[in-house]
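Notes to accompany the following structure.
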Amino acid sequence: MTKMQNRPIRFLLVEDDDDHADLIQRAVATAEIEIVVDHVCDGEVALAFLNKDGEYANVSRPDVILLDINLPKLDGHQVLRHIKKSNMLASIPVIMLTTSQSELDRDRAFTNEADSYVSKPTSPSEFAQLVTHLSSFWATMGAV
């Protein structure tokens with residue numbers, strides 16, 4: 001695969017499960033597309049990161065947000081609503097990446113303008129495939 005962009009694709013991973021975050025980080029390391037992942041563990045920190053508050057004043061804007069639903073402090077649905085109501089953030093694609101199989105969660109995510117809703121894979125190889133597909137898709141869709 002040839003490089004699709006001039007710079008790495010940047011993901012903001014909002015995930016409180018260290019095992020899931022580790023699987024995604026390992027999958028990113030094997031992707032053919034250069035990816036940088038910034039990882040935060042709860043909804044409040046995600047919004048601070050995105051709004052460049054405090055210690056996050058100099059972070060780079062993510063190209064894509066991978067957002068878990070079940071988060072401490074602010075859940076993924078609350079974070080999604082904040083993102084999509086912000087003129088500064090609304091254009092960033094948000095992928096709800098979750099273990100939830102609830103149709104209510106899926107419907108709520110799309111009502112709040114999620115760009116995609118993806119069930120978390122169960123194996124490291126499936127995580128690697130998912131990260132590769134998401135990276136390729138968003139790179140070709142012009143996220144970077």
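Identifiers in the structure tokens: chain A, B, ... in order shown; residue index from 1 per chain; ligand index from 1 in order shown.
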Can you pull out the residues contacting region 61-76 of chain A? Cut-off 6 Å, using only C-alpha atoms, and skip same-chain residues under 5 positions away; I want them as a list in words.
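Result of the neighbour search: Arg10, Phe11, Leu12, Leu13, Val14, Glu15, Asp42, Gly43, Glu44, Ile92, Pro93, Val94, Ile95, Met96, Leu97, Thr98 and Ala143 of chain A.
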Write out as a PyMOL selection string each polymer residue whose atoms come within 9 Å of Lys120 (chain A), counting only C-alpha atoms; drop sequence neighbours fewer than 6 positions from it.
chain A and resi 20+97-100+126-127+130
Which residue is closest to Asn6 (chain A)? Choose from A:Ile35, A:Ala109, A:Ile24, A:Asp19 and count only C-alpha atoms.
A:Ile35
Within region 52-129 of chain A, find each residue whose DSSP state, derived from the backbone, is strand (DSSP E), and express the selection as number ranges by chain.
A: 64-67, 94-98, 116-119
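Among A:Gln129, A:Ala90, A:Asp18, A:Ser102, the residue with the shortest atom-to-atom distance to Asp115 (chain A), counting only C-alpha atoms, is A:Ala90.
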One-decimal distance in Å that lies between CA of Val36 (chain A) and CA of Ala128 (chain A):
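One can read the CA of Ala128 (chain A) to CA of Val36 (chain A) distance as 14.5 Å.
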Those of region 2-98 of chain A in DSSP helix (DSSP H, G or I), formatted as a count of residues only
34
Considering only C-alpha atoms, can you say which of A:Val59, A:Val131, A:Val45, A:Val118 comes closest to Leu23 (chain A)?
A:Val131
